[in-house]
Amino acid sequence: MVAKRIIPCLDVADGRVVKGVNFVGLRDAGDPVELACRYSASGADELVFLDIAASHQGRGTLVELVRRTAEAVTIPFTVGGGISSVEGITELLRAGADKVSLNSSAVRDPELVARGAERFGCQCIVVAIDARARPAAGGKPAGWDVYVKGGRENTGLDAVAWARQVVALGAGEILLTSMDGDGTQAGYDLPLTRAVADAVEVPVIASGGAGCIDHIAQALEPGPAGGHAAAALLASLLHDGVLTVEQIKADLLARGLPIRPLS
């Protein structure tokens with residue numbers, strides 16, 4: 001069985017790691033390179049580095065910060081934010097990223113996913129999906145809509161259908177964030193996570209809402225009540241020192257979940 005992964009997320013704005021609630025009310029959470037080193041040394045399986053203001057501000061990812069962060073860690077590293085071309089993907093991979101995450105640009109130009117996968121391989125292309133619950137209305141069933149530009153714009157796309165589409169285009173992984181749960185520590189959106197994980201054949205990373213170890217376990221569990229995710233993305237719990245990667249892994253291993261033990 002493939003091991004589940006614990007992945008700290010570094011949301012960066014203006015060169016600092018930030019954290020908010022429902023994508024707003026951002027507060028400073030530390031230096032990105034310092035936090036990356038801490039999590040790499042503590043046994044995290046991977047890192048995700050998202051320049052959350054890049055798409056909204058219409059600029060590219062902070063490549064030099066990416067380079068310094070990538071040089072400081074010894075685990076796989078995904079970078080996203082403001083990537084709009086194959087050339088942008090190339091620049092970030094050369095700067096030291098192992099994968100890139102496409103979000104707004106994939107919605108604007110879905111073929112970018114295909115071009116990136118063809119050039120660099122599916123394993124390098126992650127599509128990030130920011131989703132918010134949609135009530136049933138006008139004959140359209142309840143579900144989840146895809147948002148872009150840092151959660152500012154509703155595309156009208158259905159999250160599950162969009163996940164299927166980008167995987168067909170070549171995405172090797174889905175980073176799925178519940179905007180309703182983001183920063184609330186009320187738990188992952190398990191129905192959303194399960195719906196997307198069951199709809200695609202690539203790993204799904206659950207994001208948005210972790211408040212305790214039980215929430216993390218629920219997102220990763222394979223049963224009818226679990227989220228079926230391949231990995232859990234974490235921010236506030238780790239940045240604020242509520243939990244450590246070591247504590248999380250020890251607990252999940254005790255529950256029988258397939259987690260890579262600490263070396």
# chains A, B, ... in the order shown; residues from 1 in each chain; ligands from 1

call {"tool": "residues_around", "arguments": {"residues": "A:Pro224", "least_positions_apart": "3", "cutoff": "12 Å", "atoms": "only C-alpha atoms", "output": "PyMOL selection string"}}
result
chain A and resi 190-191+194-195+198+218-221+227-228

call {"tool": "write_last_selection", "arguments": {"atoms": "N, CA and C atoms", "output": "PDB file, in the first residue's frame"}}
result
ATOM      1  N   LEU A 190     -14.805  16.427   4.155  1.00  0.00           N
ATOM      2  CA  LEU A 190     -14.657  15.022   3.777  1.00  0.00           C
ATOM      3  C   LEU A 190     -15.493  14.634   2.558  1.00  0.00           C
ATOM      4  N   PRO A 191     -16.749  15.091   2.449  1.00  0.00           N
ATOM      5  CA  PRO A 191     -17.496  14.750   1.232  1.00  0.00           C
ATOM      6  C   PRO A 191     -16.833  15.270  -0.042  1.00  0.00           C
ATOM      7  N   ARG A 194     -13.545  13.186  -0.605  1.00  0.00           N
ATOM      8  CA  ARG A 194     -13.890  11.823  -1.030  1.00  0.00           C
ATOM      9  C   ARG A 194     -14.420  11.814  -2.466  1.00  0.00           C
ATOM     10  N   ALA A 195     -15.261  12.791  -2.813  1.00  0.00           N
ATOM     11  CA  ALA A 195     -15.843  12.846  -4.151  1.00  0.00           C
ATOM     12  C   ALA A 195     -14.763  13.003  -5.212  1.00  0.00           C
ATOM     13  N   ASP A 198     -12.328   9.820  -5.292  1.00  0.00           N
ATOM     14  CA  ASP A 198     -12.959   8.662  -5.926  1.00  0.00           C
ATOM     15  C   ASP A 198     -13.175   8.856  -7.419  1.00  0.00           C
ATOM     16  N   GLN A 218      -9.005  11.308   9.541  1.00  0.00           N
ATOM     17  CA  GLN A 218     -10.259  11.175   8.795  1.00  0.00           C
ATOM     18  C   GLN A 218     -10.056  11.450   7.310  1.00  0.00           C
ATOM     19  N   ALA A 219      -9.249  12.450   6.990  1.00  0.00           N
ATOM     20  CA  ALA A 219      -9.010  12.785   5.586  1.00  0.00           C
ATOM     21  C   ALA A 219      -8.289  11.665   4.853  1.00  0.00           C
ATOM     22  N   LEU A 220      -7.439  10.937   5.568  1.00  0.00           N
ATOM     23  CA  LEU A 220      -6.614   9.904   4.947  1.00  0.00           C
ATOM     24  C   LEU A 220      -7.266   8.529   4.950  1.00  0.00           C
ATOM     25  N   GLU A 221      -8.268   8.335   5.802  1.00  0.00           N
ATOM     26  CA  GLU A 221      -8.857   7.005   5.956  1.00  0.00           C
ATOM     27  C   GLU A 221      -9.590   6.574   4.689  1.00  0.00           C
ATOM     28  N   GLY A 227     -11.886  10.407   3.976  1.00  0.00           N
ATOM     29  CA  GLY A 227     -11.738  11.304   2.839  1.00  0.00           C
ATOM     30  C   GLY A 227     -11.046  10.687   1.647  1.00  0.00           C
ATOM     31  N   HIS A 228     -10.399   9.524   1.846  1.00  0.00           N
ATOM     32  CA  HIS A 228      -9.728   8.795   0.771  1.00  0.00           C
ATOM     33  C   HIS A 228      -8.555   9.561   0.171  1.00  0.00           C
TER      34      HIS A 228
END

call {"tool": "residues_around", "arguments": {"residues": "stretch 164-168 of chain A", "least_positions_apart": "2", "cutoff": "10 Å", "atoms": "only C-alpha atoms", "output": "tab-separated table (two decimals) with N, CA, C and O atoms, in the first residue's frame"}}
result
chain	number	residue	atom	x	y	z
A	106	ALA	N	-4.49	27.15	-15.18
A	106	ALA	CA	-5.04	25.93	-15.76
A	106	ALA	C	-6.49	26.15	-16.20
A	106	ALA	O	-6.92	25.63	-17.23
A	107	VAL	N	-7.23	26.95	-15.42
A	107	VAL	CA	-8.61	27.27	-15.81
A	107	VAL	C	-8.61	28.14	-17.06
A	107	VAL	O	-9.40	27.92	-18.00
A	110	PRO	N	-6.46	25.39	-20.17
A	110	PRO	CA	-6.32	23.98	-19.77
A	110	PRO	C	-5.21	23.24	-20.50
A	110	PRO	O	-4.60	22.31	-19.93
A	111	GLU	N	-4.92	23.64	-21.72
A	111	GLU	CA	-3.88	22.95	-22.47
A	111	GLU	C	-2.49	23.16	-21.88
A	111	GLU	O	-1.55	22.44	-22.22
A	112	LEU	N	-2.35	24.15	-20.98
A	112	LEU	CA	-1.08	24.33	-20.29
A	112	LEU	C	-0.75	23.08	-19.48
A	112	LEU	O	0.42	22.69	-19.37
A	113	VAL	N	-1.77	22.45	-18.90
A	113	VAL	CA	-1.56	21.20	-18.16
A	113	VAL	C	-0.99	20.14	-19.09
A	113	VAL	O	-0.01	19.45	-18.75
A	114	ALA	N	-1.58	20.01	-20.28
A	114	ALA	CA	-1.12	19.01	-21.24
A	114	ALA	C	0.30	19.32	-21.73
A	114	ALA	O	1.14	18.42	-21.83
A	122	CYS	N	3.95	13.77	-16.20
A	122	CYS	CA	2.78	14.00	-15.35
A	122	CYS	C	3.17	14.21	-13.89
A	122	CYS	O	2.50	14.95	-13.16
A	125	ILE	N	3.43	17.80	-12.65
A	125	ILE	CA	2.32	18.74	-12.80
A	125	ILE	C	1.23	18.45	-11.78
A	125	ILE	O	0.56	17.41	-11.81
A	126	VAL	N	1.05	19.39	-10.86
A	126	VAL	CA	-0.02	19.36	-9.87
A	126	VAL	C	-1.04	20.42	-10.25
A	126	VAL	O	-0.66	21.54	-10.61
A	127	VAL	N	-2.32	20.07	-10.20
A	127	VAL	CA	-3.35	21.10	-10.39
A	127	VAL	C	-4.01	21.37	-9.05
A	127	VAL	O	-4.51	20.44	-8.39
A	159	ALA	N	-16.18	21.22	-9.30
A	159	ALA	CA	-14.86	20.77	-8.85
A	159	ALA	C	-14.56	19.34	-9.25
A	159	ALA	O	-13.43	19.02	-9.66
A	160	VAL	N	-15.54	18.45	-9.13
A	160	VAL	CA	-15.29	17.04	-9.47
A	160	VAL	C	-15.06	16.89	-10.96
A	160	VAL	O	-14.13	16.20	-11.41
A	161	ALA	N	-15.90	17.54	-11.76
A	161	ALA	CA	-15.74	17.46	-13.21
A	161	ALA	C	-14.42	18.08	-13.65
A	161	ALA	O	-13.73	17.56	-14.56
A	162	TRP	N	-14.03	19.19	-13.04
A	162	TRP	CA	-12.77	19.84	-13.37
A	162	TRP	C	-11.59	18.94	-13.03
A	162	TRP	O	-10.61	18.85	-13.78
A	170	GLY	N	-3.39	15.38	-18.15
A	170	GLY	CA	-2.04	15.00	-17.75
A	170	GLY	C	-1.61	15.36	-16.36
A	170	GLY	O	-0.46	15.11	-15.98
A	171	ALA	N	-2.49	15.97	-15.56
A	171	ALA	CA	-2.12	16.28	-14.17
A	171	ALA	C	-1.81	14.99	-13.40
A	171	ALA	O	-2.57	14.02	-13.48
A	172	GLY	N	-0.71	14.99	-12.66
A	172	GLY	CA	-0.33	13.80	-11.92
A	172	GLY	C	-0.77	13.82	-10.48
A	172	GLY	O	-0.61	12.82	-9.77
A	173	GLU	N	-1.36	14.94	-10.05
A	173	GLU	CA	-1.78	15.07	-8.66
A	173	GLU	C	-2.76	16.23	-8.56
A	173	GLU	O	-2.68	17.18	-9.33
A	174	ILE	N	-3.68	16.14	-7.60
A	174	ILE	CA	-4.64	17.22	-7.33
A	174	ILE	C	-4.41	17.73	-5.92
A	174	ILE	O	-4.40	16.95	-4.96
A	196	VAL	N	-13.79	13.87	-4.97
A	196	VAL	CA	-12.73	14.08	-5.93
A	196	VAL	C	-11.77	12.89	-5.96
A	196	VAL	O	-11.38	12.40	-7.02
A	197	ALA	N	-11.38	12.40	-4.78
A	197	ALA	CA	-10.46	11.26	-4.72
A	197	ALA	C	-11.03	10.03	-5.42
A	197	ALA	O	-10.30	9.29	-6.08
A	199	ALA	N	-13.10	10.11	-7.88
A	199	ALA	CA	-13.37	10.40	-9.29
A	199	ALA	C	-12.13	10.33	-10.17
A	199	ALA	O	-12.26	10.27	-11.40
A	200	VAL	N	-10.94	10.36	-9.56
A	200	VAL	CA	-9.71	10.38	-10.35
A	200	VAL	C	-8.77	9.27	-9.90
A	200	VAL	O	-8.90	8.73	-8.80
A	201	GLU	N	-7.81	8.96	-10.75
A	201	GLU	CA	-6.88	7.88	-10.46
A	201	GLU	C	-5.50	8.38	-10.05
A	201	GLU	O	-4.55	7.59	-10.02
A	202	VAL	N	-5.40	9.65	-9.73
A	202	VAL	CA	-4.13	10.21	-9.26
A	202	VAL	C	-4.29	10.61	-7.80
A	202	VAL	O	-5.40	10.74	-7.30

call {"tool": "residues_around", "arguments": {"residues": "A:Asp130", "least_positions_apart": "3", "cutoff": "6 Å", "atoms": "only C-alpha atoms", "output": "ChimeraX atom specification"}}
result
/A:146-147,177

call {"tool": "write_last_selection", "arguments": {"atoms": "C-alpha atoms", "output": "PDB file, in the first residue's frame"}}
result
ATOM      1  CA  VAL A 146     -14.012  26.051  -8.527  1.00  0.00           C
ATOM      2  CA  TYR A 147     -12.605  29.458  -7.582  1.00  0.00           C
ATOM      3  CA  THR A 177      -8.528  23.020  -0.894  1.00  0.00           C
TER       4      THR A 177
END

call {"tool": "residues_around", "arguments": {"residues": "stretch 135-142 of chain A", "least_positions_apart": "2", "cutoff": "12 Å", "atoms": "only C-alpha atoms", "output": "list in words"}}
result
Arg132, Ala133, Trp144, Asp145, Gly156, Leu157, Asp158, Ala159, Val160, Pro191 and Leu192 of chain A

call {"tool": "closest_residue", "arguments": {"among": "A:Glu87, A:Asp180, A:Asp189, A:Asp31", "to": "A:Val100", "atoms": "only C-alpha atoms"}}
result
A:Glu87

call {"tool": "atom_distance", "arguments": {"atom1": "atom CA of A:Leu252", "atom2": "atom CA of A:Asp214"}}
result
9.0 Å
